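Q: Input: one structure, supplied below.
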Amino acid sequence: MSASSLTSILIWLPVAGAIGVWLLPLSRYATGALAMVFSLAEVGLWIEQAARFNFSQSGLQMEERAKWFGDLGVSYHVGVYGFSLWLVGLTVVAMAAATGYGFWVGRDRPRGYFGLMLLLTGATVGVFQAQDLLLFYAFFEAMLIPLYILIGVWGGARRMEATIKFVIYTMAGSLLMLAAIVVYGLKVGTFDLVDSPASASRWLFLGFMVAFVIKAPLFPFHGWLPDSYREAPPEVSAVLSGVVAKAGLYGMLRIAIAKFPEPTSFYRTAVLALAAAALVYGSLLAFRAADFRGVVAYSSLAQSGLIALGLFAGTDLGFDGAILQMVAHGLISASLFLIAGVVERRTTTGEFRLLGGMAKGRPALATLLMTVGVISLAVPGSASFAGEFLILAGVFQRAWWWSAIGAGAIVLAAMYMLRLISAVLHEARGSTVSDEALDLRPGELALVVPLVAGLLALSAWPAGISHHSFFGPSPTETVKAQFK
Amino acid sequence: MKLHTTHVDWFGLATVFALIGGSFLALLCAVLVPQALRRAASLGITVTGFTAGLVLSVWLYIDSANGHTIVHGAFYRDRWTALGQIILCGIGLATSVVSADHIPVWGRNADQSHRDDHIAEFFALLLASAAGMAFFVGAANLMVLFLSLEWFSIALYVMCAIDYPPAASAGGEAAGARPEDRGAFGVPGESSLEAGLKYLIVGSFGAGALLFGSALVYGATGQISFHGIAHAVASRGLTGDTFMVVGIALIVAGLAFKMSAAPFHMWTPDVYEGAPTAVTAWMASATKVAALLLAFRLMTTAFPHNGHLWGWAFAIIAAFSLAIGNFAALVQRNVKRILAYSSISHAGFMLIALSAGSALGGRALMYYLVPYSAMAFGSFAIVAARERELGVPVTLENLAGFGWERPFLGVAMWFFMFGFAGLPLGGGFVGKFYVFAAAYRHGWVWLVIVGVLATLVSLYYYLGIVRAMYMRPAEELQVQPGGGVAVGGGAPAAEWLLHLAVGAALAVSVGSLFAVQPLIDLARHAASALPL
């Protein structure tokens, strides 16, 4: 197996797995087990990819190129950069945990469910590896299809409204992106992201940004977020906020910022303002939210804002911090949503007024939620402290008040996260918390502990990501050179 | 005295002959073969006929690298014709396979003893309409154009109405059936007859407009051949001639009737709804293929000097079709009507390619037709399966749970709906991309925007169908049409023929996403036969 074929295998193996799961008439247990085998194989392949990745070499690595349709200059072109490698890793790990959760709780109609989870894995990995605009778009859209069905079939009571909102919002953005892709690609004569030159068109920049800003999301394009995160099955919410939202932020970096330098600096203040608004508004909403998933959902909005702040700061520290924070927050929100699912399974609810006092007699749950919560509120020494510090330092170089706003929001993060922890774990015992509600079972521990272990490892060595995302003298130079 | 006879390249017409020959044999079948064997025998003949047509048109495609006219300039033997015939024969093959189980539709409680009475005639008509369309896409002068248009249209009028049962079996009451069991649509076959009549009247109006337009163009130029018209217009400076302009406008309107583009679409939902679903599937895919391919050739060959005129005309028709098709589909509950409006909106997408009138537009149109016709055919075939299962028209309500009950058909429908909506689950996605590219190259960014907005609107009803199939709450899953007991019960009919056809449509629509380059190469060679 050559190193470059790893990229394609990472995309198509889960798709093949999905087809296998759909076609083979296996039992519920065997279907889930097969899906887990594929998800874990993805993790293994990614480790292999990371091991073979040469961090001291510039440009695209492990690329594969094939003709798709030549007359318009569209090709199947995949490959990885340092930062996309980390996002692919985040995807496969979070997807494996989410698939495992579905296996653990025994989702209905297992063949449909696990097939769609595998399809989602393939599409999301594809987004982070595609180096052709149309291919990127195809994967970007392909993520939507399994998500739509996963929320619509396995979601909560109000899933219909949630799916409609989710699909209409995201498609509105991505169809504008399609128009922008057609215009941009035909104007420059190629759809290849590596070959295509930079453009100064502000309209095209906006066309791309709309799609990314909705997917991320940033204020005021987050209308779909609360419903979807609340109504989706918890493991799908975990993937949605942990991984899929990162596709929007990745798109900002890979396409909007890299290909449109002039419009980026023209609209920088506007985007930074939206990002800051998302950060502050999301934090405030998270503080007001009345349920577990509401807090995590709105904190995702806040974190998307923070990461966008780092990306559009346009400084070395900002870029490094944004990548680190993407991975850190991906792991945090994936574990938090899984824990939310665990709590909901025991108490039938996520509402704070019905919860409380769960720490007593449930040490594993208390320890894990506490650990993730503390990392999430950026306590010094944690991975997200490193990420947030880099982002704030990066945006400080742009103007001091951005980081003042950001620092204020981090205080809010402490408030909402501590409120969450105390409402679930401490305080008086909630009416739905019975003595019979068990602590985390081994199966659940096996899903959440690896995610938390990843976070702890990142806390110990944040430079593992922040120094291994962009090759070259500095991230800004690399971005300016369009990652070549 | 020796009569002067021109040399005729009979092989250039081989596809048409194969299909019409099959039609004659199927008709003979109707009188010579005993009733018990009639269905199998005529199906065999039809499948053989379409297969022969397919093989011959592939042969013609390979053998017609240098396109030219045959039969004294009446018919094009080139790759544009051949590729169109290939697509038509493929759809015809699938239609005949589905029709084997689904014609006539008649509700399950109607008297079934006469089911096979007219099946051979039906297959004869199917082959005849296919032969007409195969002739139509190669038409090289206005006379052949009109002749072949009437040829396939008359066959289609009868096919729409074919579900009208013979008097002996018409009496639902006589058979003692409850009102809700009286065949698919109240009185058996009534809406089929109505569809046939409506199509006849409106279709004749369209054909009349086309004929009148042709007469005006002939009056202005004195020519009926496409090349001759273009030559005359160029040499005598007739671009702005009133006869020419009015003539082109009428021809555009007449063709727009056939491709069911707005505002000439009024017949479409009613006819598609009323016709037997297998016939609807054939019309929604094959008629559009023939009409659009012919329109592209006619416009670019005969009226290149009026490109501005018909380009704008078709662009506006496209915008209308996109708007009306998508918005009207939003409020429908009947699945066949939703798909009918969807086919109007897709006519709009393909007309974007036509209005660009460029080589890229030709490729875009040719490519788009492949996944489109597969998806249109497949989705109507699935509706036919559900209709037969329930014995009532399929609505969003009684589609509930279908996806879980019939996993293969459900997943196929899922693919078709997402493909129609332009999500990357099939060639529909690349088709839309090509169409937008053609519009952009033509300088029409506004048309790209219209297309994008139309796609966004269309998501609502395409996803609505998926929602109905998979996501309805459990209490809605017990289907009780007409308020009575759940129909039938037990396992649905195996229908492996229908599964085969749907599987082929699925393979084409998904395969066209991956095999873009080969398909585009075919389309490029086909479009190179046109004077672009």
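FYI, nothing fancy with the structure tokens labels: chains A, B, ... in order, residues from 1 per chain, ligands from 1 as they appear.
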Using DSSP assignments from the backbone, pull out every residue in segment 316-408 of chain B that falls under alpha helix (DSSP H) and give it to me as a PyMOL selection string.
A: chain B and resi 316-330+335-356+359-390+402-405+407-408
Q: Specify as a list in words all residues of chain B found within 7 Å of chain A, counting only C-alpha atoms.
A: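 Only these qualify: Leu423, Pro424, Ala437, Tyr440, Val448, Val452, Leu456, Tyr470, Met471, Val516 and Gln517 of chain B.
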Q: Name all residues at most 10 Å from Ala98 of chain A (count only C-alpha atoms; drop same-chain ones fewer than 2 positions away) and give them as JSON, numbers by chain.
A: {"A": [36, 39, 92, 93, 94, 95, 96, 100, 101, 102, 103, 104, 117, 233, 234, 235, 236, 237, 238, 239, 334, 335, 337, 338, 447, 448]}
Q: From a DSSP calculation on the backbone, collect every residue of segment 68-187 of chain A in strand (DSSP E) and output the set as a PyMOL selection string.
A: chain A and resi 68-69+74-80
Q: Do you know which residues are at most 8 Å from segment 312-319 of chain B counting only C-alpha atoms, after dropping those on the same chain fewer than 3 positions away, and could you put them as a VMD selection string?
A: chain B and resid 252 261 to 263 308 to 309 322 to 323 347 to 352 354 to 355 447 450 to 451
Q: Residues as selected, N, CA and C atoms, written as an mmCIF file, in the first residue's frame, can you do that?
A:
data_model
loop_
_atom_site.group_PDB
_atom_site.id
_atom_site.type_symbol
_atom_site.label_atom_id
_atom_site.label_comp_id
_atom_site.auth_asym_id
_atom_site.auth_seq_id
_atom_site.Cartn_x
_atom_site.Cartn_y
_atom_site.Cartn_z
ATOM 1 N N VAL B 252 -40.922 27.264 -31.577
ATOM 2 C CA VAL B 252 -40.459 27.165 -30.190
ATOM 3 C C VAL B 252 -41.615 26.769 -29.281
ATOM 4 N N ALA B 261 -42.521 22.356 -21.124
ATOM 5 C CA ALA B 261 -41.880 23.472 -20.449
ATOM 6 C C ALA B 261 -42.934 24.549 -20.217
ATOM 7 N N ALA B 262 -42.833 25.228 -19.079
ATOM 8 C CA ALA B 262 -43.785 26.299 -18.777
ATOM 9 C C ALA B 262 -43.516 27.463 -19.720
ATOM 10 N N PRO B 263 -44.503 28.219 -20.137
ATOM 11 C CA PRO B 263 -45.932 28.131 -19.806
ATOM 12 C C PRO B 263 -46.733 27.215 -20.749
ATOM 13 N N HIS B 308 -29.926 34.852 -31.161
ATOM 14 C CA HIS B 308 -30.289 35.787 -30.114
ATOM 15 C C HIS B 308 -31.765 35.630 -29.749
ATOM 16 N N LEU B 309 -32.586 35.485 -30.804
ATOM 17 C CA LEU B 309 -34.036 35.390 -30.603
ATOM 18 C C LEU B 309 -34.400 34.129 -29.808
ATOM 19 N N LEU B 322 -38.614 26.628 -14.404
ATOM 20 C CA LEU B 322 -38.000 26.426 -13.096
ATOM 21 C C LEU B 322 -38.886 26.979 -12.003
ATOM 22 N N ALA B 323 -39.431 28.172 -12.258
ATOM 23 C CA ALA B 323 -40.248 28.804 -11.222
ATOM 24 C C ALA B 323 -41.553 28.044 -11.037
ATOM 25 N N ALA B 347 -37.107 20.150 -17.255
ATOM 26 C CA ALA B 347 -37.108 20.694 -18.613
ATOM 27 C C ALA B 347 -36.487 22.078 -18.586
ATOM 28 N N GLY B 348 -36.789 22.828 -17.530
ATOM 29 C CA GLY B 348 -36.187 24.156 -17.390
ATOM 30 C C GLY B 348 -34.680 24.091 -17.316
ATOM 31 N N PHE B 349 -34.156 23.160 -16.510
ATOM 32 C CA PHE B 349 -32.701 23.049 -16.409
ATOM 33 C C PHE B 349 -32.081 22.724 -17.764
ATOM 34 N N MET B 350 -32.727 21.794 -18.475
ATOM 35 C CA MET B 350 -32.130 21.389 -19.750
ATOM 36 C C MET B 350 -32.258 22.504 -20.785
ATOM 37 N N LEU B 351 -33.322 23.302 -20.659
ATOM 38 C CA LEU B 351 -33.460 24.412 -21.590
ATOM 39 C C LEU B 351 -32.388 25.478 -21.359
ATOM 40 N N ILE B 352 -31.861 25.535 -20.139
ATOM 41 C CA ILE B 352 -30.740 26.451 -19.912
ATOM 42 C C ILE B 352 -29.604 26.071 -20.849
ATOM 43 N N LEU B 354 -29.889 24.414 -23.614
ATOM 44 C CA LEU B 354 -30.316 24.686 -24.985
ATOM 45 C C LEU B 354 -30.175 26.168 -25.307
ATOM 46 N N SER B 355 -30.585 27.006 -24.364
ATOM 47 C CA SER B 355 -30.550 28.439 -24.665
ATOM 48 C C SER B 355 -29.127 28.933 -24.838
ATOM 49 N N LEU B 447 -29.075 33.388 -15.098
ATOM 50 C CA LEU B 447 -29.731 32.097 -15.269
ATOM 51 C C LEU B 447 -29.149 31.081 -14.276
ATOM 52 N N VAL B 450 -30.929 31.819 -11.088
ATOM 53 C CA VAL B 450 -32.290 31.275 -11.116
ATOM 54 C C VAL B 450 -32.250 29.771 -10.878
ATOM 55 N N GLY B 451 -31.315 29.107 -11.541
ATOM 56 C CA GLY B 451 -31.212 27.654 -11.375
ATOM 57 C C GLY B 451 -30.884 27.269 -9.945
#
Q: Using only C-alpha atoms, which protein or nucleic acid residues come within 10 Å of segment 220-226 of chain B? Drop anything in the same chain fewer than 3 positions from it, and give the result as a count of residues only.
A: 34
Q: Hey, what's within 12 Å of Phe266 of chain A if we count only C-alpha atoms and toss same-chain stuff fewer than 2 positions away? As a list of chain:residue names, please?
A: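 Answer for this query is A:Ala200, A:Ser201, A:Arg202, A:Trp203, A:Phe205, A:Leu206, A:Ile257, A:Phe260, A:Pro261, A:Glu262, A:Pro263, A:Thr264, A:Arg268, A:Thr269, A:Ala270, A:Val271, A:Leu272, A:Phe312.
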Q: Please identify all polymer residues within 12 Å of Ala393 of chain A, counting only C-alpha atoms, omitting same-chain residues fewer than 3 positions from it, and present them as a VMD selection string.
A: chain A and resid 309 to 310 313 to 322 385 to 390 396 to 404 406 to 407
Q: Can you spit out the residues from that selection as an mmCIF file, in the first residue's frame, using C-alpha atoms?
A:
data_model
loop_
_atom_site.group_PDB
_atom_site.id
_atom_site.type_symbol
_atom_site.label_atom_id
_atom_site.label_comp_id
_atom_site.auth_asym_id
_atom_site.auth_seq_id
_atom_site.Cartn_x
_atom_site.Cartn_y
_atom_site.Cartn_z
ATOM 1 C CA LEU A 309 -11.533 34.890 15.102
ATOM 2 C CA GLY A 310 -8.218 33.065 14.990
ATOM 3 C CA ALA A 313 -6.832 37.392 12.488
ATOM 4 C CA GLY A 314 -4.466 36.515 9.692
ATOM 5 C CA THR A 315 -1.479 36.124 11.989
ATOM 6 C CA ASP A 316 0.832 33.199 12.672
ATOM 7 C CA LEU A 317 -0.432 32.649 16.183
ATOM 8 C CA GLY A 318 -4.028 32.912 15.047
ATOM 9 C CA PHE A 319 -3.670 30.194 12.416
ATOM 10 C CA ASP A 320 -1.795 27.836 14.730
ATOM 11 C CA GLY A 321 -4.274 28.409 17.513
ATOM 12 C CA ALA A 322 -7.276 27.942 15.246
ATOM 13 C CA PHE A 385 -6.229 27.020 27.075
ATOM 14 C CA ALA A 386 -3.338 26.677 24.656
ATOM 15 C CA GLY A 387 -5.628 27.062 21.674
ATOM 16 C CA GLU A 388 -7.543 30.017 23.052
ATOM 17 C CA PHE A 389 -4.391 31.717 24.231
ATOM 18 C CA LEU A 390 -2.838 31.415 20.778
ATOM 19 C CA PHE A 396 -4.287 40.862 19.621
ATOM 20 C CA GLN A 397 -1.722 41.554 16.938
ATOM 21 C CA ARG A 398 -4.602 42.688 14.733
ATOM 22 C CA ALA A 399 -6.141 44.970 17.358
ATOM 23 C CA TRP A 400 -6.226 44.732 21.130
ATOM 24 C CA TRP A 401 -9.997 45.008 21.543
ATOM 25 C CA TRP A 402 -10.665 41.772 19.701
ATOM 26 C CA SER A 403 -8.747 39.874 22.315
ATOM 27 C CA ALA A 404 -10.440 41.884 25.050
ATOM 28 C CA GLY A 406 -12.415 37.112 23.440
ATOM 29 C CA ALA A 407 -11.013 37.138 26.975
#
Q: Rounded to one decimal in Å, what is the spacing between atom CA of His222 of chain A and atom CA of Ala383 of chain A?
A: 25.8 Å
Q: Return the single residue from A:Phe128, A:Ser299, A:Met252, A:Ser199 that is closest to Leu285 of chain A, with distances computed using only C-alpha atoms.
A: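 Going through A:Phe128, A:Ser299, A:Met252, A:Ser199 one by one, the smallest distance to Leu285 of chain A is for A:Ser299.
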Q: Nearest residue to Ala123 of chain A out of A:Trp12, A:Trp224, A:Phe55, A:Tyr267, using only C-alpha atoms?
A: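 Selected residue with least distance to Ala123 of chain A: A:Trp12.
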Q: Looking at only C-alpha atoms, which of B:Ser342, B:Ser285, B:Ser260, B:Asn398 is the one that sits closest to Gly90 of chain B?
A: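 The answer is B:Ser285, which sits nearest to Gly90 of chain B.
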Q: Between A:His77, A:His467, A:Arg293, A:Arg353, which has the minimum distance to Ser422 of chain A (counting only C-alpha atoms)?
A: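 Counting only C-alpha atoms, the residue closest to Ser422 of chain A is A:Arg353.
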